[in-house]
Structures are given as C-alpha cells and as structure tokens.
Amino acid sequence: AQVRLGLFRAVTDEKGSARVEVPKGEFPLIVTRAGYEMPERKIKVSKDVRVRVGGEALPEEDPFAAWTA
C-alpha cells in the first residue's frame with residue numbers, strides 16, 4: 001500500500017508495515033491500495049506513534065456492466 005502522511009510518503013513491506021519519519025505536527029494520513037477503501041484521518045504527531053489502519057475490500061467491478069443489449 002502507499003502511505004502518505006502530509007508531504008511524507010512510504011510503501012508498506014510484505015507484512016503491511018511502513019515507517020514514516022515526520023516532524024511534530026498534525027498531518028492527514030492517506031493509505032491507498034488498489035481494490036481497497038481506507039478512510040482518511042488526521043494524525044497528531046508529538047512523539048513516536050504507531051497507527052493501525054484497516055481497509056475494506058471493494059467488490060470486483062464487472063467489466064461487462066456497461067454493455068447492454
């Protein structure tokens with residue numbers, strides 16, 4: 001997954017973990033991965049913090065849905 005914390009970015013490893021080093025402050029946390037929906041939220045950083053983000057699998061799109069007879 002792609003992880004964005006404000007202007008700072010990272011990519012998760014095979015275990016789904018990512019480490020992002022940022023200065024103190026409040027940042028929007030955005031996590032994206034194809035086929036999943038994850039809510040955006042704000043994270044206040046004043047010391048080391050660990051955040052767990054859960055994603056919801058989106059239903060597969062039907063490639064023939066646009067075709068009508």
# chains A, B, ... in the order shown; residues from 1 in each chain; ligands from 1
call {"tool": "residues_around", "arguments": {"residues": "A:Ile43", "least_positions_apart": "3", "cutoff": "9 Å", "atoms": "only C-alpha atoms", "output": "JSON, numbers by chain"}}
result
{"A": [5, 25, 26, 27, 28, 29, 51]}
call {"tool": "residues_around", "arguments": {"residues": "A:Val11", "least_positions_apart": "4", "cutoff": "6 Å", "atoms": "only C-alpha atoms", "output": "mmCIF file with C-alpha atoms, in the first residue's frame"}}
result
data_model
loop_
_atom_site.group_PDB
_atom_site.id
_atom_site.type_symbol
_atom_site.label_atom_id
_atom_site.label_comp_id
_atom_site.auth_asym_id
_atom_site.auth_seq_id
_atom_site.Cartn_x
_atom_site.Cartn_y
_atom_site.Cartn_z
ATOM 1 C CA ALA A 1 0.000 0.000 0.000
ATOM 2 C CA GLN A 2 1.024 3.609 -0.478
ATOM 3 C CA VAL A 3 1.156 5.637 2.741
ATOM 4 C CA ALA A 18 5.525 1.223 6.815
#
call {"tool": "select_by_dssp", "arguments": {"residues": "chain A", "states": "strand (DSSP E or B)", "output": "PyMOL selection string"}}
result
chain A and resi 2-5+8-11+25-32+36-37+41-45+56-57
call {"tool": "closest_residue", "arguments": {"among": "A:Leu58, A:Ala66, A:Val31, A:Val53", "to": "A:Arg4", "atoms": "only C-alpha atoms"}}
result
A:Val31
call {"tool": "residues_around", "arguments": {"residues": "A:Val20", "least_positions_apart": "5", "cutoff": "8 Å", "atoms": "only C-alpha atoms", "output": "count of residues only"}}
result
4
call {"tool": "closest_residue", "arguments": {"among": "A:Glu21, A:Thr12, A:Gly6, A:Glu60", "to": "A:Glu40", "atoms": "only C-alpha atoms"}}
result
A:Gly6
call {"tool": "residues_around", "arguments": {"residues": "A:Glu37", "least_positions_apart": "3", "cutoff": "8 Å", "atoms": "only C-alpha atoms", "output": "PyMOL selection string"}}
result
chain A and resi 32-33+55-58
